[in-house]
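See below for the structure under consideration.
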There are 2 protein chains.
Amino acid sequence: MSESNSVMKIALDAMGGDFAPHTEVEGALQALNESPEKIRIILVGDEKKIEQELKKHSYNGNEIEIVHASEVITMHDSPNKAIREKKDSSLVVAANLVKEGKADALVSAGNTGAVGVASIFIIGRIKGVSRPTIAAPIPNERHSFTYISDAGAFVDSKPHHLVEFATLTSTYLKEVLDFPNPSVGLLNVGEEESKGLKFTKETTELLKKTDLNFYGNIEGRDIFKGTVDIALCDGFVGNLLLKQAESMISFLRTKFKQFAETSLWAKLQIGLAKSAVKKALYDADVNNIGGTPLLGINGITIIGHGSSSPKGIKNMILQAFRAYKANLVIKLKEAIEDEHQRTQSS
Amino acid sequence: MSESNSVMKIALDAMGGDFAPHTEVEGALQALNESPEKIRIILVGDEKKIEQELKKHSYNGNEIEIVHASEVITMHDSPNKAIREKKDSSLVVAANLVKEGKADALVSAGNTGAVGVASIFIIGRIKGVSRPTIAAPIPNERHSFTYISDAGAFVDSKPHHLVEFATLTSTYLKEVLDFPNPSVGLLNVGEEESKGLKFTKETTELLKKTDLNFYGNIEGRDIFKGTVDIALCDGFVGNLLLKQAESMISFLRTKFKQFAETSLWAKLQIGLAKSAVKKALYDADVNNIGGTPLLGINGITIIGHGSSSPKGIKNMILQAFRAYKANLVIKLKEAIEDEHQRTQSS
């Protein structure tokens, strides 16, 4: 990993999203404009298509570099197979740049599973981490975000994996996002310790022995409420909750549209309400957040939605930059090492 | 069970909700007014308090009967312990009325776990049902509801339990709610059959062998979207998803309030938007739905929110009435028997 005082280099999978490379190129240029410090972006993908996009913006600076990749991993590809077989895909080439130290971060709005597999098997895990985790932000009533961890990197995790997820996510929130003392809640069907599964009871016992700011059990309603900073769970549960929470916006849009169709007055009311609702729910638009980090990787990986807008891509790049400036990987390594030492000495 | 052409008798736990017996009495009177046929409501609880509430409404009809119960099971009581020890609680007395055939349904806005335990251990299960299920409606984009089953009656269910949940819920939707051919989706982390847990794969294999209208895997976003009528899962997952979905309304209210506080113009906008949003999201207010049935019981049980309004109580009573008119318990028995015969002959 490069030092945080040199110019950061970001490998952007330019073919990942649904509107690639158009969205990726525009997002990269926005990020260069808005980044508080100089960064370099390596656009990885079909050279000709990327150049065409750059021409539209008459860009002629030196912060962008293109690395050609002839293949694309699609949303329909099986992650493991795609990573093995599409060696010259934009994602695999970008991940290799990070592995070889030619880039400091991987940013992709492509096939989430494939980005995870590429990160774990090409960039590699931090020593001592058995399972990396996706820490996905959900806006909450406290003007902040609740991070669901694991939001779907793995299914069927064991209690000791959840302790790793909590350690990694807590460190990320503290070091990169300036949460002073991130609180960790265990998602369960009731607040009482006696509630839930053998799995949740064992996880609670392990969490109590850590130095983490462990709150205890939380329920499904506590995610939007913001009772804690980190909502801990297995990736099966986390993925379902994340996708349900994200689908709220589409649900609201459809419900407003359906109501608007009931009368002219309703249409007028919804017309007036629209901009207020949009502003009030600014934080719930995934493009305003960007993506989610995959924590526990020996490098920085930011995973975004396939449907990301240029603004979404820009925010993913800026997220990667913040993680780099905060020496995220070093901090995660230290936290995992501390946790292991504590466990062994106890 | 009484015949569906006699006058239905509903045992209402008058001490269950957060504002009992005020809300229960008012809800009962509303139900008597709105019920399409004559029904009788047995208010179970503190006789004096109930009479006081009735006096406020100067009610002097003969559709209401009071059965005194000296104890109350609170939200903080442990369900199993409470049912064993509080023999003269409104809930236990009401459940016994159903068991003894003196009432056709149990309706309660009390401690959900306790209502479940009372129903299972006092009223009893339908023969052949190992685990009853809570089928909880979530509004969807298709002008309808997606029923999460199991929404938390049990945790750690096995694949064959999920097949029971699907059979029970599908029969309820068909017979009581007039869904022509209810579709069943299995909640999972991806659409492909290869995705998910050993648990989901085994459940899929079992579901394919049934006569159910099985759609395949669905994801977290499909609940609000309404891809299927029944979103099938273990009660641990279902309870988390249900509580997250229900908390959306409180989240929106808080976000609108926070935005309104940013400027006078924002306040005005939100003021104008409020009624439209409320109307557009009519279906998302739990009081407009009522409660959720516990399916698989040898009787009709409707469980409601502790915070139910009189309107919520009224809707719970009307739900119980619809289930009674549709001969729900008989239909469930037939469906479970058919399912067992099919399994044994195959």
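We name chains A, B, ... following the order of the structure tokens; residues begin at 1 in each chain, and ligands are numbered from 1 as shown.
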Write out, as CSV, each residue of region 96-163 of chain B that has an atom at most 10 Å from region 195-198 of chain A, together with the closest pair of atoms and their distance in Å to one decimal, counting only C-alpha atoms, rows going by chain and rising number.
residue,atom,partner,partner_atom,distance
B:Phe154,CA,A:Gly196,CA,9.3
B:Val155,CA,A:Gly196,CA,6.8
B:Asp156,CA,A:Leu197,CA,6.7
Please, could you write that set of residues out with N, CA and C atoms as a short mmCIF file (atom, residue, chain, number, x, y, z; two decimals), in the first residue's frame?
data_model
loop_
_atom_site.label_atom_id
_atom_site.label_comp_id
_atom_site.auth_asym_id
_atom_site.auth_seq_id
_atom_site.Cartn_x
_atom_site.Cartn_y
_atom_site.Cartn_z
N PHE B 154 -42.20 -18.30 15.25
CA PHE B 154 -41.12 -19.19 15.68
C PHE B 154 -39.79 -18.77 15.07
N VAL B 155 -38.70 -19.05 15.76
CA VAL B 155 -37.38 -18.86 15.13
C VAL B 155 -36.78 -20.24 14.89
N ASP B 156 -35.80 -20.26 13.97
CA ASP B 156 -35.05 -21.48 13.69
C ASP B 156 -35.95 -22.59 13.12
#
| query | Among region 24-216 of chain B, which residues carry a DSSP assignment of strand (DSSP E), reported as a PyMOL selection string? | reply | chain B and resi 39-45+64-68+105-108+133-139+145-149+183-187+213-216
Writing out the chosen residues with N, CA and C atoms as a tab-separated table (two decimals), in the first residue's frame:
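Once written, again.tsv looks like this:
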chain	number	residue	atom	x	y	z
B	39	ILE	N	-72.80	-9.61	15.04
B	39	ILE	CA	-71.79	-10.38	15.78
B	39	ILE	C	-71.96	-10.08	17.26
B	40	ARG	N	-71.37	-10.93	18.08
B	40	ARG	CA	-71.35	-10.67	19.52
B	40	ARG	C	-69.91	-10.56	19.97
B	41	ILE	N	-69.65	-9.57	20.82
B	41	ILE	CA	-68.29	-9.38	21.30
B	41	ILE	C	-68.25	-9.60	22.82
B	42	ILE	N	-67.37	-10.49	23.24
B	42	ILE	CA	-67.18	-10.72	24.67
B	42	ILE	C	-65.94	-9.95	25.11
B	43	LEU	N	-66.14	-8.91	25.90
B	43	LEU	CA	-65.02	-8.12	26.40
B	43	LEU	C	-64.48	-8.81	27.65
B	44	VAL	N	-63.23	-9.26	27.59
B	44	VAL	CA	-62.66	-9.99	28.70
B	44	VAL	C	-61.66	-9.11	29.43
B	45	GLY	N	-61.88	-8.90	30.74
B	45	GLY	CA	-60.95	-8.08	31.51
B	45	GLY	C	-61.60	-7.50	32.75
B	64	ILE	N	-72.90	-6.95	23.30
B	64	ILE	CA	-71.67	-6.99	24.10
B	64	ILE	C	-71.92	-7.68	25.43
B	65	GLU	N	-70.95	-8.48	25.81
B	65	GLU	CA	-71.00	-9.24	27.06
B	65	GLU	C	-69.65	-9.00	27.74
B	66	ILE	N	-69.65	-8.95	29.06
B	66	ILE	CA	-68.37	-8.79	29.76
B	66	ILE	C	-68.07	-10.07	30.53
B	67	VAL	N	-66.85	-10.57	30.38
B	67	VAL	CA	-66.41	-11.68	31.22
B	67	VAL	C	-65.24	-11.15	32.05
B	68	HIS	N	-65.39	-11.20	33.35
B	68	HIS	CA	-64.37	-10.61	34.21
B	68	HIS	C	-63.10	-11.45	34.26
B	105	ALA	N	-63.51	-16.77	18.19
B	105	ALA	CA	-62.22	-16.17	17.84
B	105	ALA	C	-61.63	-15.45	19.04
B	106	LEU	N	-60.30	-15.39	19.03
B	106	LEU	CA	-59.56	-14.63	20.04
B	106	LEU	C	-58.93	-13.44	19.34
B	107	VAL	N	-59.18	-12.23	19.86
B	107	VAL	CA	-58.58	-11.02	19.30
B	107	VAL	C	-57.85	-10.31	20.42
B	108	SER	N	-56.57	-10.00	20.22
B	108	SER	CA	-55.79	-9.34	21.26
B	108	SER	C	-54.72	-8.43	20.70
B	133	THR	N	-48.06	-20.18	12.02
B	133	THR	CA	-47.29	-19.07	11.46
B	133	THR	C	-48.06	-17.75	11.53
B	134	ILE	N	-47.31	-16.67	11.69
B	134	ILE	CA	-47.90	-15.34	11.60
B	134	ILE	C	-47.73	-14.85	10.17
B	135	ALA	N	-48.83	-14.49	9.53
B	135	ALA	CA	-48.79	-14.00	8.15
B	135	ALA	C	-49.07	-12.50	8.18
B	136	ALA	N	-48.02	-11.70	8.07
B	136	ALA	CA	-48.15	-10.25	8.26
B	136	ALA	C	-48.13	-9.49	6.94
B	137	PRO	N	-49.17	-8.67	6.70
B	137	PRO	CA	-49.24	-7.94	5.43
B	137	PRO	C	-48.37	-6.69	5.39
B	138	ILE	N	-47.61	-6.55	4.31
B	138	ILE	CA	-46.82	-5.34	4.03
B	138	ILE	C	-47.38	-4.77	2.73
B	139	PRO	N	-47.72	-3.47	2.70
B	139	PRO	CA	-48.27	-2.90	1.46
B	139	PRO	C	-47.24	-2.99	0.33
B	145	PHE	N	-51.01	-6.34	-0.93
B	145	PHE	CA	-50.11	-6.59	0.19
B	145	PHE	C	-49.26	-7.83	-0.09
B	146	THR	N	-48.04	-7.80	0.42
B	146	THR	CA	-47.20	-8.99	0.41
B	146	THR	C	-47.24	-9.54	1.83
B	147	TYR	N	-47.58	-10.81	1.96
B	147	TYR	CA	-47.67	-11.41	3.30
B	147	TYR	C	-46.37	-12.09	3.69
B	148	ILE	N	-45.70	-11.54	4.71
B	148	ILE	CA	-44.49	-12.19	5.23
B	148	ILE	C	-44.94	-13.33	6.13
B	149	SER	N	-44.47	-14.53	5.82
B	149	SER	CA	-44.83	-15.69	6.63
B	149	SER	C	-43.59	-16.58	6.74
B	183	SER	N	-49.28	-16.54	-5.01
B	183	SER	CA	-47.93	-16.97	-5.38
B	183	SER	C	-47.02	-16.91	-4.15
B	184	VAL	N	-46.09	-17.83	-4.10
B	184	VAL	CA	-45.19	-17.97	-2.95
B	184	VAL	C	-43.75	-17.79	-3.40
B	185	GLY	N	-43.04	-16.84	-2.80
B	185	GLY	CA	-41.61	-16.67	-3.10
B	185	GLY	C	-40.79	-16.97	-1.85
B	186	LEU	N	-39.63	-17.54	-2.06
B	186	LEU	CA	-38.76	-17.85	-0.93
B	186	LEU	C	-37.73	-16.73	-0.79
B	187	LEU	N	-37.71	-16.06	0.36
B	187	LEU	CA	-36.77	-14.96	0.56
B	187	LEU	C	-35.34	-15.49	0.55
B	213	ASN	N	-48.42	-22.46	-5.70
B	213	ASN	CA	-47.99	-21.63	-6.82
B	213	ASN	C	-46.63	-21.03	-6.47
B	214	PHE	N	-45.60	-21.88	-6.59
B	214	PHE	CA	-44.26	-21.49	-6.13
B	214	PHE	C	-43.51	-20.74	-7.24
B	215	TYR	N	-43.09	-19.53	-6.91
B	215	TYR	CA	-42.44	-18.63	-7.87
B	215	TYR	C	-40.94	-18.86	-7.95
B	216	GLY	N	-40.33	-19.24	-6.85
B	216	GLY	CA	-38.88	-19.36	-6.78
B	216	GLY	C	-38.34	-18.38	-5.74
| query | Hey, what's within 9 Å of region 314-323 of chain A if we count only C-alpha atoms and toss same-chain stuff fewer than 5 positions away? As a ChimeraX atom specification, please? | reply | /A:8-10,12,24,26-32,34-35,39,41,104-109,172,175-177,287-293,300-304,309,328-329
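For chain B, the residues no farther than 6 Å from chain A when using only C-alpha atoms are Glu141, Gly220, Arg221, Leu240, Lys243, Gln244, Ser247, Phe251, Lys255, Phe256, Phe259, Ala273 and Ala280 of chain B.
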| message | as a PyMOL selection string, please: every residue in region 60-269 of chain B that a backbone DSSP assignment puts in alpha helix (DSSP H). | response | chain B and resi 79-85+90-99+112-118+159-175+198-208+222-225+235-246+248-260+264-269
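Note that CA of Ala69 (chain B) and CA of Pro310 (chain B) are 21.1 Å apart.
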| Within 9 Å of Lys49 (chain B), counting only C-alpha atoms, which residues qualify if same-chain residues fewer than 5 places away don't, as a PyMOL selection string? | chain B and resi 21-22+54
Just write the chosen residues, N, CA and C atoms, as a PDB file, in the first residue's frame.
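Result went into selection_32.pdb, see below:
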ATOM      1  N   PRO B  21     -58.549  -0.437  28.887  1.00  0.00           N
ATOM      2  CA  PRO B  21     -59.510  -0.989  27.925  1.00  0.00           C
ATOM      3  C   PRO B  21     -60.170   0.075  27.037  1.00  0.00           C
ATOM      4  N   HIS B  22     -59.732   1.340  27.164  1.00  0.00           N
ATOM      5  CA  HIS B  22     -60.346   2.424  26.395  1.00  0.00           C
ATOM      6  C   HIS B  22     -60.423   2.100  24.902  1.00  0.00           C
ATOM      7  N   LEU B  54     -67.730   1.658  28.736  1.00  0.00           N
ATOM      8  CA  LEU B  54     -69.005   1.499  28.009  1.00  0.00           C
ATOM      9  C   LEU B  54     -69.968   2.632  28.333  1.00  0.00           C
TER      10      LEU B  54
END
| said: Give me, as a ChimeraX atom specification, all polymer residues having an atom no more than 9 Å from Thr167 (chain A), counting only C-alpha atoms and skipping those fewer than 6 positions away in the same chain. | reply: /A:210,212,332,335-336,339
Mind dumping the selected residues with N, CA and C atoms as a PDB file, in the first residue's frame?
ATOM      1  N   THR A 210     -15.375  -8.520  24.209  1.00  0.00           N
ATOM      2  CA  THR A 210     -14.529  -7.623  23.418  1.00  0.00           C
ATOM      3  C   THR A 210     -14.486  -6.226  24.040  1.00  0.00           C
ATOM      4  N   LEU A 212     -15.380  -3.734  22.259  1.00  0.00           N
ATOM      5  CA  LEU A 212     -16.336  -2.984  21.432  1.00  0.00           C
ATOM      6  C   LEU A 212     -17.414  -2.341  22.309  1.00  0.00           C
ATOM      7  N   LEU A 332      -7.248  -1.201  10.216  1.00  0.00           N
ATOM      8  CA  LEU A 332      -7.973  -2.473  10.316  1.00  0.00           C
ATOM      9  C   LEU A 332      -7.020  -3.580  10.769  1.00  0.00           C
ATOM     10  N   ALA A 335      -6.423  -3.261  14.428  1.00  0.00           N
ATOM     11  CA  ALA A 335      -7.602  -3.641  15.223  1.00  0.00           C
ATOM     12  C   ALA A 335      -7.755  -5.157  15.286  1.00  0.00           C
ATOM     13  N   ILE A 336      -7.531  -5.810  14.158  1.00  0.00           N
ATOM     14  CA  ILE A 336      -7.669  -7.275  14.115  1.00  0.00           C
ATOM     15  C   ILE A 336      -6.572  -7.921  14.964  1.00  0.00           C
ATOM     16  N   GLU A 339      -7.396  -7.489  18.619  1.00  0.00           N
ATOM     17  CA  GLU A 339      -8.493  -8.375  18.982  1.00  0.00           C
ATOM     18  C   GLU A 339      -7.974  -9.803  19.180  1.00  0.00           C
TER      19      GLU A 339
END
